[in-house]
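Trainee: start_34.cif is reproduced in full below (mmCIF, C-alpha atoms and all ligand atoms).
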data_target
#
loop_
_atom_site.label_atom_id
_atom_site.label_comp_id
_atom_site.auth_asym_id
_atom_site.auth_seq_id
_atom_site.Cartn_x
_atom_site.Cartn_y
_atom_site.Cartn_z
CA MET A 1 54.99 5.99 -40.91
CA TYR A 2 56.17 2.65 -42.24
CA ASN A 3 53.98 -0.48 -42.11
CA LYS A 4 55.85 -3.30 -43.82
CA ILE A 5 59.12 -4.02 -42.06
CA THR A 6 62.14 -6.21 -42.84
CA VAL A 7 64.52 -6.90 -39.95
CA LEU A 8 68.16 -7.63 -40.81
CA GLY A 9 69.71 -9.05 -37.64
CA SER A 10 66.34 -10.12 -36.18
CA THR A 11 67.82 -12.39 -33.47
CA GLY A 12 70.03 -9.67 -31.97
CA SER A 13 69.38 -7.03 -29.34
CA VAL A 14 68.14 -4.33 -31.76
CA GLY A 15 66.36 -6.90 -33.96
CA LYS A 16 64.36 -8.34 -31.04
CA GLN A 17 63.39 -4.88 -29.81
CA THR A 18 62.23 -4.00 -33.34
CA LEU A 19 60.09 -7.13 -33.49
CA ALA A 20 58.59 -6.30 -30.10
CA ILE A 21 57.45 -2.98 -31.59
CA CYS A 22 56.06 -4.76 -34.68
CA GLN A 23 54.12 -7.03 -32.34
CA ASN A 24 52.78 -4.22 -30.14
CA TYR A 25 51.74 -1.99 -33.03
CA ASN A 26 50.53 -4.67 -35.40
CA LEU A 27 53.05 -3.97 -38.16
CA SER A 28 53.57 -6.45 -40.93
CA VAL A 29 56.94 -8.26 -40.87
CA VAL A 30 58.05 -9.05 -44.41
CA SER A 31 61.47 -10.69 -44.04
CA LEU A 32 63.96 -11.64 -41.35
CA ALA A 33 67.70 -12.33 -41.46
CA CYS A 34 70.18 -13.68 -38.92
CA LYS A 35 73.45 -15.59 -38.98
CA SER A 36 73.15 -18.83 -37.08
CA ASN A 37 70.54 -18.63 -34.31
CA TRP A 38 67.97 -20.61 -36.30
CA ARG A 39 66.05 -21.71 -33.20
CA LEU A 40 65.10 -18.14 -32.39
CA LEU A 41 64.53 -17.44 -36.08
CA LEU A 42 62.07 -20.32 -36.17
CA GLN A 43 60.15 -18.88 -33.21
CA GLN A 44 60.07 -15.52 -35.00
CA ILE A 45 58.77 -17.20 -38.16
CA ARG A 46 55.95 -18.80 -36.16
CA GLN A 47 55.07 -15.52 -34.52
CA PHE A 48 55.38 -13.09 -37.45
CA GLN A 49 54.81 -15.27 -40.53
CA PRO A 50 57.30 -13.46 -42.78
CA ALA A 51 57.32 -14.02 -46.54
CA ALA A 52 61.05 -14.81 -46.54
CA VAL A 53 63.98 -15.43 -44.20
CA ALA A 54 67.76 -15.57 -44.59
CA LEU A 55 70.14 -17.71 -42.54
CA CYS A 56 73.44 -16.03 -43.43
CA THR A 57 75.89 -18.86 -42.90
CA ASN A 58 77.68 -21.37 -45.09
CA ASP A 59 77.65 -23.96 -42.29
CA LYS A 60 75.98 -26.95 -43.92
CA ASN A 61 75.03 -28.59 -40.62
CA LEU A 62 73.27 -25.50 -39.33
CA ILE A 63 71.43 -25.06 -42.61
CA ALA A 64 70.32 -28.71 -42.60
CA GLU A 65 69.14 -28.51 -38.97
CA PHE A 66 67.16 -25.36 -39.70
CA LYS A 67 65.52 -26.70 -42.84
CA GLU A 68 64.58 -29.93 -41.10
CA ALA A 69 63.03 -28.11 -38.14
CA LEU A 70 61.19 -25.72 -40.46
CA ALA A 71 59.80 -28.60 -42.53
CA ALA A 72 58.48 -30.22 -39.33
CA THR A 73 56.75 -27.00 -38.22
CA VAL A 74 53.00 -26.79 -38.49
CA PHE A 75 51.82 -23.21 -38.90
CA SER A 76 48.52 -22.27 -37.39
CA SER A 77 47.10 -18.79 -37.21
CA SER A 78 43.82 -17.07 -36.73
CA THR A 79 44.96 -14.19 -38.97
CA ASN A 80 46.39 -16.11 -41.94
CA ALA A 81 45.11 -19.67 -42.27
CA THR A 82 46.89 -20.19 -45.58
CA TYR A 83 50.43 -19.43 -44.35
CA CYS A 84 52.68 -22.42 -44.92
CA GLY A 85 56.13 -21.02 -44.16
CA PRO A 86 58.59 -18.50 -45.62
CA GLN A 87 60.81 -18.69 -48.64
CA VAL A 88 64.27 -19.56 -47.28
CA PHE A 89 67.68 -18.30 -48.38
CA CYS A 90 70.92 -19.61 -46.91
CA GLY A 91 74.56 -18.60 -47.26
CA GLU A 92 76.69 -15.62 -46.32
CA ASP A 93 75.01 -13.35 -48.88
CA ALA A 94 71.47 -14.57 -48.21
CA ALA A 95 70.24 -11.31 -46.60
CA GLU A 96 70.72 -9.41 -49.87
CA LYS A 97 68.22 -11.74 -51.56
CA LEU A 98 65.45 -10.48 -49.30
CA VAL A 99 65.23 -7.29 -51.40
CA GLU A 100 62.90 -9.18 -53.73
CA PHE A 101 60.20 -9.13 -51.03
CA PRO A 102 58.56 -5.70 -51.03
CA CYS A 103 58.73 -3.81 -47.74
CA ASP A 104 58.78 -0.09 -46.98
CA LEU A 105 61.43 -0.04 -44.24
CA ALA A 106 64.45 -2.28 -43.62
CA VAL A 107 65.99 -2.22 -40.15
CA GLY A 108 69.77 -2.63 -40.46
CA ALA A 109 70.66 -4.40 -37.20
CA ILE A 110 73.29 -6.91 -38.30
CA SER A 111 76.46 -6.36 -36.27
CA GLY A 112 79.75 -5.45 -37.93
CA LEU A 113 80.79 -4.91 -41.53
CA ALA A 114 78.73 -8.00 -42.42
CA GLY A 115 75.72 -5.66 -42.58
CA LEU A 116 77.04 -3.45 -45.38
CA ALA A 117 76.02 -5.58 -48.39
CA SER A 118 72.38 -6.04 -47.36
CA ASN A 119 72.03 -2.45 -46.10
CA SER A 120 73.19 -1.08 -49.44
CA ALA A 121 71.12 -3.64 -51.39
CA PHE A 122 67.90 -2.42 -49.72
CA LEU A 123 68.77 1.25 -50.24
CA GLN A 124 69.56 0.57 -53.88
CA HIS A 125 66.21 -1.18 -54.20
CA GLY A 126 64.41 1.99 -53.09
CA VAL A 127 63.77 0.90 -49.48
CA ASP A 128 64.44 3.35 -46.63
CA LEU A 129 66.88 2.02 -44.04
CA ALA A 130 66.55 2.42 -40.25
CA LEU A 131 70.21 1.97 -39.49
CA ALA A 132 71.78 0.73 -36.24
CA ASN A 133 74.74 -0.91 -37.95
CA LYS A 134 77.30 1.92 -37.70
CA GLU A 135 80.17 -0.26 -38.99
CA SER A 136 78.70 -0.15 -42.48
CA ILE A 137 78.88 3.67 -42.44
CA VAL A 138 82.45 3.61 -41.11
CA CYS A 139 83.61 1.25 -43.88
CA GLY A 140 81.25 1.93 -46.75
CA ALA A 141 80.04 5.53 -46.75
CA ALA A 142 80.59 5.90 -50.51
CA ILE A 143 78.76 2.63 -51.19
CA LEU A 144 75.76 3.67 -49.09
CA ASP A 145 75.70 7.08 -50.79
CA ARG A 146 75.63 5.51 -54.23
CA ALA A 147 72.93 3.06 -53.19
CA LYS A 148 70.75 5.86 -51.75
CA LYS A 149 71.10 7.84 -54.94
CA GLN A 150 70.27 4.87 -57.17
CA GLY A 151 67.25 3.90 -55.08
CA ASN A 152 66.13 7.43 -54.17
CA SER A 153 65.94 6.15 -50.59
CA LYS A 154 67.21 7.40 -47.25
CA ILE A 155 68.94 6.36 -44.04
CA ILE A 156 67.27 7.08 -40.70
CA SER A 157 69.70 6.45 -37.86
CA ILE A 158 68.44 4.45 -34.91
CA ASP A 159 71.71 4.70 -33.02
CA SER A 160 70.39 6.50 -29.93
CA GLU A 161 72.86 9.41 -30.05
CA HIS A 162 72.29 10.07 -33.74
CA ALA A 163 68.54 9.77 -33.44
CA ALA A 164 68.83 12.35 -30.63
CA ILE A 165 70.98 14.69 -32.76
CA ASN A 166 68.45 14.38 -35.55
CA GLU A 167 65.73 15.57 -33.17
CA CYS A 168 67.92 18.42 -31.80
CA LEU A 169 68.77 19.70 -35.28
CA LYS A 170 65.09 20.34 -35.92
CA ALA A 171 65.27 23.16 -33.36
CA GLY A 172 67.40 25.51 -35.48
CA ARG A 173 68.70 26.56 -38.87
CA LYS A 174 71.70 24.97 -40.57
CA GLU A 175 73.47 28.38 -40.65
CA ASP A 176 73.20 28.64 -36.87
CA PHE A 177 74.68 25.22 -36.13
CA LYS A 178 77.95 25.22 -34.19
CA LYS A 179 78.69 21.69 -33.03
CA ILE A 180 77.46 18.32 -31.83
CA TRP A 181 78.00 17.12 -28.26
CA LEU A 182 78.10 13.34 -28.51
CA THR A 183 77.40 11.76 -25.13
CA ALA A 184 79.09 8.56 -23.93
CA SER A 185 78.33 6.57 -20.79
CA GLY A 186 82.04 5.91 -20.27
CA GLY A 187 81.33 2.17 -19.96
CA PRO A 188 82.18 -0.17 -17.07
CA PHE A 189 85.86 0.91 -16.90
CA ARG A 190 85.26 4.64 -16.47
CA ASN A 191 86.65 4.64 -12.94
CA TRP A 192 89.26 1.91 -13.38
CA PRO A 193 93.00 2.74 -13.53
CA ALA A 194 94.67 2.17 -16.93
CA GLU A 195 96.74 -0.85 -15.76
CA LYS A 196 93.62 -2.64 -14.51
CA ILE A 197 91.71 -1.88 -17.75
CA ALA A 198 94.51 -3.44 -19.83
CA GLN A 199 94.15 -6.71 -17.89
CA ALA A 200 90.34 -6.76 -17.90
CA GLU A 201 88.54 -9.94 -18.87
CA LEU A 202 85.38 -10.56 -20.86
CA LYS A 203 83.03 -10.73 -17.85
CA ASP A 204 84.24 -7.25 -16.75
CA ALA A 205 83.74 -5.69 -20.19
CA LEU A 206 80.25 -7.14 -20.59
CA ARG A 207 78.96 -5.32 -17.49
CA HIS A 208 77.64 -2.19 -19.19
CA PRO A 209 76.30 0.27 -16.61
CA THR A 210 73.31 1.70 -18.52
CA TRP A 211 72.57 -0.20 -21.78
CA ASN A 212 71.77 -3.85 -22.45
CA MET A 213 73.16 -4.60 -25.93
CA GLY A 214 74.85 -7.28 -28.05
CA ALA A 215 78.32 -8.48 -27.00
CA LYS A 216 80.37 -6.73 -29.69
CA ILE A 217 78.96 -3.24 -29.13
CA THR A 218 79.17 -3.75 -25.35
CA VAL A 219 82.91 -4.41 -25.65
CA ASP A 220 83.22 -1.40 -28.00
CA SER A 221 81.51 0.72 -25.36
CA ALA A 222 83.96 -0.48 -22.72
CA SER A 223 86.93 0.52 -24.93
CA MET A 224 85.13 3.67 -26.15
CA MET A 225 85.77 2.51 -29.71
CA ASN A 226 81.99 2.70 -30.01
CA LYS A 227 82.20 6.46 -29.50
CA GLY A 228 85.01 6.68 -32.07
CA LEU A 229 82.84 4.83 -34.61
CA GLU A 230 79.95 7.14 -33.69
CA ILE A 231 82.01 10.26 -34.44
CA ILE A 232 82.50 8.92 -37.98
CA GLU A 233 78.80 8.04 -38.12
CA ALA A 234 77.84 11.58 -37.06
CA CYS A 235 80.14 13.20 -39.64
CA TYR A 236 78.51 11.08 -42.36
CA LEU A 237 74.89 11.44 -41.28
CA PHE A 238 74.95 15.17 -40.55
CA GLN A 239 77.61 16.22 -43.07
CA VAL A 240 79.84 17.87 -40.46
CA ASN A 241 83.58 17.97 -39.93
CA PHE A 242 84.99 15.79 -37.13
CA LYS A 243 86.15 19.00 -35.39
CA GLN A 244 82.46 19.83 -34.96
CA VAL A 245 81.81 16.67 -32.94
CA GLU A 246 82.87 16.69 -29.29
CA VAL A 247 82.59 13.69 -27.00
CA VAL A 248 81.32 14.24 -23.46
CA VAL A 249 81.17 11.46 -20.87
CA HIS A 250 77.76 11.40 -19.20
CA PRO A 251 77.50 8.25 -17.04
CA GLN A 252 73.72 8.33 -16.53
CA SER A 253 72.91 8.06 -20.29
CA ILE A 254 69.92 10.37 -19.87
CA ILE A 255 71.00 13.04 -22.35
CA HIS A 256 71.46 11.09 -25.57
CA SER A 257 73.35 13.91 -27.31
CA ALA A 258 73.03 17.64 -27.93
CA VAL A 259 73.49 20.34 -30.54
CA GLU A 260 75.16 23.65 -29.73
CA TRP A 261 74.15 26.71 -31.75
CA GLN A 262 76.24 29.76 -32.70
CA ASP A 263 74.55 31.89 -30.03
CA GLY A 264 75.71 29.53 -27.26
CA GLN A 265 72.37 27.84 -26.73
CA VAL A 266 72.21 24.08 -26.56
CA THR A 267 69.38 21.76 -27.58
CA ALA A 268 69.60 18.36 -25.89
CA GLN A 269 67.43 15.27 -26.10
CA MET A 270 66.75 13.29 -22.95
CA SER A 271 64.91 10.18 -21.79
CA PHE A 272 65.73 7.08 -19.80
CA PRO A 273 67.91 4.78 -21.91
CA ASP A 274 65.65 2.66 -24.12
CA MET A 275 66.47 1.56 -27.67
CA GLN A 276 62.81 1.22 -28.51
CA ALA A 277 62.54 5.04 -28.55
CA PRO A 278 64.85 5.65 -31.57
CA ILE A 279 63.45 2.57 -33.36
CA LYS A 280 59.90 3.87 -32.87
CA ALA A 281 60.94 7.36 -33.95
CA ALA A 282 62.19 5.89 -37.24
CA ILE A 283 59.14 3.73 -37.86
CA PHE A 284 56.43 6.20 -36.83
CA THR A 285 58.03 9.49 -37.82
CA PRO A 286 56.82 12.22 -37.55
CA ALA A 287 54.33 10.97 -34.93
CA LYS A 288 55.35 10.55 -31.30
CA ILE A 289 53.70 7.26 -30.54
CA ALA A 290 52.16 6.78 -27.13
CA GLY A 291 53.05 3.78 -25.00
CA VAL A 292 56.57 4.57 -23.80
CA THR A 293 58.20 1.85 -21.78
CA GLN A 294 59.55 4.30 -19.17
CA ALA A 295 57.85 7.64 -18.54
CA PHE A 296 60.36 10.40 -17.74
CA ASN A 297 60.63 11.87 -14.27
CA PHE A 298 63.13 14.57 -13.25
CA PHE A 299 62.90 13.39 -9.64
CA ASP A 300 63.89 9.81 -10.44
CA ALA A 301 67.26 8.95 -8.83
CA ARG A 302 68.75 8.38 -12.30
CA ALA A 303 67.81 11.84 -13.54
CA CYS A 304 68.23 14.14 -10.58
CA SER A 305 72.02 14.33 -10.66
CA LEU A 306 73.31 14.43 -14.21
CA THR A 307 77.11 14.63 -14.51
CA PHE A 308 79.50 15.36 -17.39
CA TYR A 309 83.26 14.81 -17.88
CA PRO A 310 85.76 15.10 -20.72
CA PRO A 311 86.88 11.69 -22.03
CA ASP A 312 90.22 10.33 -20.81
CA PHE A 313 92.16 9.65 -24.01
CA ASN A 314 95.03 7.99 -22.13
CA LYS A 315 92.83 5.43 -20.44
CA PHE A 316 90.82 4.84 -23.62
CA PRO A 317 93.33 4.80 -26.51
CA CYS A 318 90.69 3.43 -28.93
CA LEU A 319 89.04 6.83 -28.88
CA SER A 320 92.23 8.62 -29.98
CA LEU A 321 92.94 5.87 -32.55
CA ALA A 322 89.49 6.43 -34.02
CA GLN A 323 90.08 10.18 -34.10
CA SER A 324 93.38 9.75 -35.91
CA ALA A 325 91.73 7.40 -38.45
CA ILE A 326 89.03 10.01 -39.09
CA MET A 327 91.64 12.74 -39.56
CA LYS A 328 93.61 10.66 -42.04
CA GLY A 329 90.48 9.60 -43.93
CA GLY A 330 90.75 7.30 -46.98
CA ILE A 331 90.86 3.65 -45.96
CA TYR A 332 91.93 4.38 -42.37
CA PRO A 333 88.42 4.12 -40.87
CA LEU A 334 87.94 0.80 -42.67
CA VAL A 335 91.27 -0.51 -41.31
CA LEU A 336 90.36 0.75 -37.83
CA ASN A 337 87.10 -1.19 -38.01
CA ALA A 338 88.63 -4.38 -39.46
CA ALA A 339 91.32 -4.44 -36.77
CA ASN A 340 88.78 -3.73 -34.05
CA GLU A 341 86.35 -6.44 -35.22
CA ALA A 342 89.17 -9.02 -35.40
CA ALA A 343 90.55 -8.07 -31.98
CA VAL A 344 87.11 -7.89 -30.33
CA ASN A 345 86.29 -11.36 -31.73
CA ALA A 346 89.50 -12.68 -30.13
CA PHE A 347 88.54 -10.97 -26.86
CA LEU A 348 85.00 -12.42 -27.03
CA GLU A 349 86.60 -15.86 -27.47
CA GLU A 350 88.70 -15.05 -24.37
CA LYS A 351 91.95 -15.46 -26.29
CA ILE A 352 93.33 -12.01 -25.37
CA ARG A 353 93.09 -9.48 -22.55
CA PHE A 354 91.26 -6.19 -23.04
CA GLY A 355 94.38 -4.02 -23.52
CA ARG A 356 95.39 -6.02 -26.60
CA ILE A 357 92.39 -4.64 -28.55
CA ALA A 358 93.81 -1.11 -28.70
CA GLN A 359 97.31 -2.43 -29.37
CA ALA A 360 96.02 -4.46 -32.33
CA VAL A 361 94.16 -1.46 -33.77
CA ALA A 362 97.28 0.75 -33.42
CA TYR A 363 99.35 -1.96 -35.14
CA ALA A 364 96.94 -2.14 -38.10
CA LEU A 365 96.81 1.64 -38.54
CA ASP A 366 100.64 1.75 -38.53
CA LEU A 367 100.77 -0.98 -41.19
CA CYS A 368 98.40 0.99 -43.31
CA ALA A 369 100.60 4.11 -43.02
CA GLY A 370 103.47 2.28 -44.71
CA ARG A 371 101.35 1.37 -47.73
CA PRO A 372 100.48 4.51 -49.71
CA GLU A 373 99.73 2.38 -52.80
CA LEU A 374 96.48 1.09 -51.26
CA PRO A 375 93.39 1.59 -53.43
CA ALA A 376 90.54 3.85 -52.44
CA ALA A 377 87.79 1.60 -51.13
CA ASP A 378 84.58 2.81 -52.69
CA ASP A 379 83.20 -0.46 -54.02
CA LEU A 380 82.02 -3.46 -52.03
CA ALA A 381 84.56 -5.95 -53.38
CA THR A 382 87.51 -3.69 -52.45
CA VAL A 383 86.08 -2.97 -49.00
CA LEU A 384 85.58 -6.66 -48.26
CA ALA A 385 89.04 -7.60 -49.60
CA LEU A 386 90.82 -4.94 -47.50
CA ASP A 387 88.76 -5.90 -44.46
CA LYS A 388 89.77 -9.54 -44.85
CA GLN A 389 93.44 -8.65 -45.34
CA TYR A 390 93.64 -6.47 -42.22
CA ARG A 391 91.75 -8.97 -40.09
CA THR A 392 94.37 -11.54 -41.09
CA TYR A 393 97.24 -9.19 -40.17
CA VAL A 394 95.63 -8.57 -36.78
CA ARG A 395 95.03 -12.25 -36.05
CA GLU A 396 98.70 -12.96 -36.88
CA TYR A 397 99.79 -10.09 -34.64
CA LEU A 398 97.65 -11.40 -31.77
CA HIS A 399 98.60 -15.07 -32.41
CA VAL A 400 94.94 -16.10 -32.45
P1 LIG B 1 73.69 -8.52 -31.55
O1 LIG B 1 75.02 -9.17 -31.48
O2 LIG B 1 72.77 -8.61 -30.41
O3 LIG B 1 72.92 -9.06 -32.85
C1 LIG B 1 73.52 -9.12 -34.11
C2 LIG B 1 72.54 -9.64 -35.13
O4 LIG B 1 73.21 -9.71 -36.38
C3 LIG B 1 72.05 -11.06 -34.84
O5 LIG B 1 70.76 -11.21 -35.36
C4 LIG B 1 73.03 -11.92 -35.63
O6 LIG B 1 72.54 -13.21 -35.95
C5 LIG B 1 73.18 -11.07 -36.87
N1 LIG B 1 74.42 -11.30 -37.58
C6 LIG B 1 75.68 -11.30 -37.11
N2 LIG B 1 76.56 -11.54 -38.10
C7 LIG B 1 75.83 -11.70 -39.22
C8 LIG B 1 76.15 -12.00 -40.55
N3 LIG B 1 77.42 -12.20 -40.94
N4 LIG B 1 75.15 -12.07 -41.46
C9 LIG B 1 73.86 -11.89 -41.08
N5 LIG B 1 73.49 -11.64 -39.82
C10 LIG B 1 74.47 -11.54 -38.90
O7 LIG B 1 73.99 -7.00 -31.93
P2 LIG B 1 73.17 -5.68 -31.54
O8 LIG B 1 71.73 -5.86 -31.84
O9 LIG B 1 73.58 -5.22 -30.21
O10 LIG B 1 73.80 -4.63 -32.57
C11 LIG B 1 73.51 -4.68 -33.95
C12 LIG B 1 74.07 -3.43 -34.62
O11 LIG B 1 73.41 -2.30 -34.07
C13 LIG B 1 75.57 -3.19 -34.36
O12 LIG B 1 76.15 -2.63 -35.50
C14 LIG B 1 75.59 -2.21 -33.21
O13 LIG B 1 76.72 -1.39 -33.23
C15 LIG B 1 74.34 -1.39 -33.51
N6 LIG B 1 73.72 -0.77 -32.33
C16 LIG B 1 73.23 -1.55 -31.33
C17 LIG B 1 72.65 -0.99 -30.21
C18 LIG B 1 72.06 -1.83 -29.13
O14 LIG B 1 71.42 -1.28 -28.23
N7 LIG B 1 72.21 -3.12 -29.12
C19 LIG B 1 72.60 0.48 -30.06
C20 LIG B 1 73.10 1.20 -31.19
C21 LIG B 1 73.65 0.60 -32.28
P3 LIG B 1 72.79 -14.46 -34.91
O15 LIG B 1 71.97 -14.15 -33.70
O16 LIG B 1 72.27 -15.63 -35.67
O17 LIG B 1 74.26 -14.49 -34.65
MG MG B 2 75.03 4.68 -29.75
#
If you took the structure in this file and wrote it as structure tokens, what would it be?
Mentor:
Amino acid sequence: MYNKITVLGSTGSVGKQTLAICQNYNLSVVSLACKSNWRLLLQQIRQFQPAAVALCTNDKNLIAEFKEALAATVFSSSTNATYCGPQVFCGEDAAEKLVEFPCDLAVGAISGLAGLASNSAFLQHGVDLALANKESIVCGAAILDRAKKQGNSKIISIDSEHAAINECLKAGRKEDFKKIWLTASGGPFRNWPAEKIAQAELKDALRHPTWNMGAKITVDSASMMNKGLEIIEACYLFQVNFKQVEVVVHPQSIIHSAVEWQDGQVTAQMSFPDMQAPIKAAIFTPAKIAGVTQAFNFFDARACSLTFYPPDFNKFPCLSLAQSAIMKGGIYPLVLNAANEAAVNAFLEEKIRFGRIAQAVAYALDLCAGRPELPAADDLATVLALDKQYRTYVREYLHV
């Protein structure tokens, strides 16, 4: 079990759920990081009294507003009368500076590639990482591996499917493993025709049927790019070939994933969808902590008719694009992610329709195919430079 927690991405969906657990179980919160939501960060500082915080932006106005509000804050507490505020770091790389404040678990819940630098900094510093931020695996597997080795630390996935697979794998021997069944809800467009999906707008994509998450991952779930990124994540975390990971659409999100064994048996993990479960599993492992938010019941309407379908690769081209990037390897997954982040940002700003996301990703992967001279991206500077370059190509392509 871990007691002293740092939350990277504390103002987001996973970050807030992590802090709720810290509150309920009286865990000490060492440091917090976010990008620009300083008002919520300030509330979190009042509530959790962290030793340090990072506001990861270069926006001078935001930084000034935050520092002014923090200076005007009077801290009062029955538990720590001497607390007079955290040490503050600002700037795009501020989260990495939090490694100087000793904790025993960092929760990696920044969204997008922006999480890679701080995730690897904590691992390198010898801190175990409860990782939600799959984009940093997709783009920086070699960097995370090196950091783990240098820090003798480990990654515990809190992505619900991967946390489920981790549980399922405990049921058998490595030699008996056959494959992973990675479940997907299918998102809000599961029953829409392809032409309607292409024209979908932001409000449609943000209506996720089973999970309440941040905007970027919700759009990725609607395009099924999220599942594509999760195949790469599974290959990295469990050291399997992508051919050993099969996606199955399961609209109820009750079975969070499964492992099939050589003898045809399957071990699956099920519960009502709740991100607190994988976060708690990471923090309290190996204990199963009491106090679930939703007790399971087979007779509940959500659980009594579980259904399963193969994914429709024609309706969800992002899934096949992700598969082709995995097959090609090298910098393809990084380019896939860069193009997707740039296109999803444009979609979140309502500058493009939904169908343009997949078109932009396909465009970027094609560009990459014509450039065999590209370097291997196994250091942070190269990863960030390539990411920037491909985001620029995609923005030009989309005219945004
Ligand atoms: P949110 O968008 O809700 O939150 C993102 C968090 O990251 C916010 O705290 C945000 O700060 C911070 N952030 C964004 N950009 C930066 C940056 N450049 N530097 C520092 N901090 C930054 O996302 P989610 O919580 O939904 O997702 C976080 C990660 O977890 C993603 O990688 C997602 O794929 C993964 N994940 C999420 C799940 C979920 O249920 N939500 C499930 C499984 C995985 P600010 O608020 O100031 O912008
Ligand atoms: Mg997931």
Trainee: Could you list, as a list in words, all residues that come within 6 Å of ligand LIG 1 (chain B)? Count all atoms listed in the file.
Mentor: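 Written in the requested form, the residues are Gly9, Ser10, Thr11, Gly12, Ser13, Val14, Gly15, Cys34, Lys35, Ser36, Asn37, Cys56, Ala109, Ile110, Ser111, Gly112, Ala114, Ala132, Asn133, Lys134, Glu135, Asp159, Met213, Gly214, Ala215, Ile217 and Met275 of chain A.
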Trainee: Report, in Å to a single decimal, how far apart CA of Phe272 in chain A and CA of Ala301 in chain A are.
Mentor: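 That distance, rounded to one decimal, is 11.2 Å.
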Trainee: With a cut-off of 9 Å, could you pull out the residues of chain A touching ligand MG 2 (chain B) and give me the nearest pair of atoms for each, distance in Å to one decimal, using only C-alpha atoms and all ligand atoms, ordered by chain and ascending number, as a Markdown table?
Mentor:
| residue | atom | partner | partner_atom | distance |
| --- | --- | --- | --- | --- |
| A:Ala132 | CA | B:MG2 | MG | 8.3 |
| A:Lys134 | CA | B:MG2 | MG | 8.7 |
| A:Ile158 | CA | B:MG2 | MG | 8.4 |
| A:Asp159 | CA | B:MG2 | MG | 4.7 |
| A:Ser160 | CA | B:MG2 | MG | 5.0 |
| A:Glu161 | CA | B:MG2 | MG | 5.2 |
| A:His162 | CA | B:MG2 | MG | 7.2 |
| A:Thr183 | CA | B:MG2 | MG | 8.8 |
| A:Ala184 | CA | B:MG2 | MG | 8.1 |
| A:Ile217 | CA | B:MG2 | MG | 8.9 |
| A:Ser221 | CA | B:MG2 | MG | 8.8 |
| A:Asn226 | CA | B:MG2 | MG | 7.2 |
| A:Lys227 | CA | B:MG2 | MG | 7.4 |
| A:Glu230 | CA | B:MG2 | MG | 6.8 |
| A:His256 | CA | B:MG2 | MG | 8.4 |
Trainee: So how far away is CA of Tyr236 in chain A from CA of Ile137 in chain A, in Å?
Mentor: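 Value for the CA of Ile137 in chain A-CA of Tyr236 in chain A distance: 7.4 Å.
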Trainee: Please determine, counting only C-alpha atoms, which residue among A:Ser118, A:Arg39, A:Leu182, A:Val107 has the shortest atom-to-atom distance to Ile143 in chain A.
Mentor: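 The shortest atom-to-atom distance to Ile143 in chain A comes from A:Ser118.
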Trainee: Looking at all atoms listed in the file, which of A:Lys196, A:Lys97, A:Arg395, A:Lys67 is the one that sits closest to Leu8 in chain A?
Mentor: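 Checking each candidate against Leu8 in chain A, we get A:Lys97 as the closest.
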Trainee: One number please: CA of Glu246 in chain A to CA of Lys216 in chain A, in Å, one decimal.
Mentor: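 Calculated distance between CA of Glu246 in chain A and CA of Lys216 in chain A is 23.6 Å.
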Trainee: For each of A:Glu201, A:Asp366, A:Glu233, A:Asp387, take the minimum atom-to-atom distance to Ile352 in chain A, counting only C-alpha atoms, then give the residue where this is smallest.
Mentor: A:Glu201
Trainee: Applying 6 Å and all atoms listed in the file, which residues near range 335-349 of chain A remain after dropping the ones on its own chain fewer than 3 positions away? List them as an mmCIF file with C-alpha atoms, in the frame of the given file.
Mentor:
data_model
loop_
_atom_site.group_PDB
_atom_site.id
_atom_site.type_symbol
_atom_site.label_atom_id
_atom_site.label_comp_id
_atom_site.auth_asym_id
_atom_site.auth_seq_id
_atom_site.Cartn_x
_atom_site.Cartn_y
_atom_site.Cartn_z
ATOM 1 C CA TYR A 332 91.930 4.380 -42.370
ATOM 2 C CA ILE A 352 93.330 -12.010 -25.370
ATOM 3 C CA ILE A 357 92.390 -4.640 -28.550
ATOM 4 C CA VAL A 361 94.160 -1.460 -33.770
ATOM 5 C CA ASP A 387 88.760 -5.900 -44.460
ATOM 6 C CA ARG A 391 91.750 -8.970 -40.090
ATOM 7 C CA VAL A 394 95.630 -8.570 -36.780
#
Trainee: If we count all atoms listed in the file, what is near Arg207 in chain A at a cut-off of 10 Å, once residues fewer than 6 positions away on the same chain are taken out, given as a list of chain:residue names?
Mentor: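 The residues satisfying every condition are A:Gly187, A:Pro188, A:Phe189, A:Thr218, A:Val219, A:Ala222.
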Trainee: Write out the residues from the selection above, keeping C-alpha atoms, as a PDB file, keeping the file's coordinate frame.
Mentor:
ATOM      1  CA  GLY A 187      81.330   2.170 -19.960  1.00  0.00           C
ATOM      2  CA  PRO A 188      82.180  -0.170 -17.070  1.00  0.00           C
ATOM      3  CA  PHE A 189      85.860   0.910 -16.900  1.00  0.00           C
ATOM      4  CA  THR A 218      79.170  -3.750 -25.350  1.00  0.00           C
ATOM      5  CA  VAL A 219      82.910  -4.410 -25.650  1.00  0.00           C
ATOM      6  CA  ALA A 222      83.960  -0.480 -22.720  1.00  0.00           C
TER       7      ALA A 222
END
Trainee: Give me the box for range 188-191 of chain A as lines of an AutoDock Vina configuration file, namely the centre and edge lengths in Å to one decimal of a box along x, y and z that holds every listed atom plus 3 Å on each side.
Mentor:
center_x = 84.4
center_y = 2.2
center_z = -15.0
size_x = 10.5
size_y = 10.8
size_z = 10.1
Trainee: Taking all atoms listed in the file into account, which of A:Asp274, A:Glu195, A:Ala71, A:Gly330 comes nearest Gly85 in chain A?
Mentor: A:Ala71
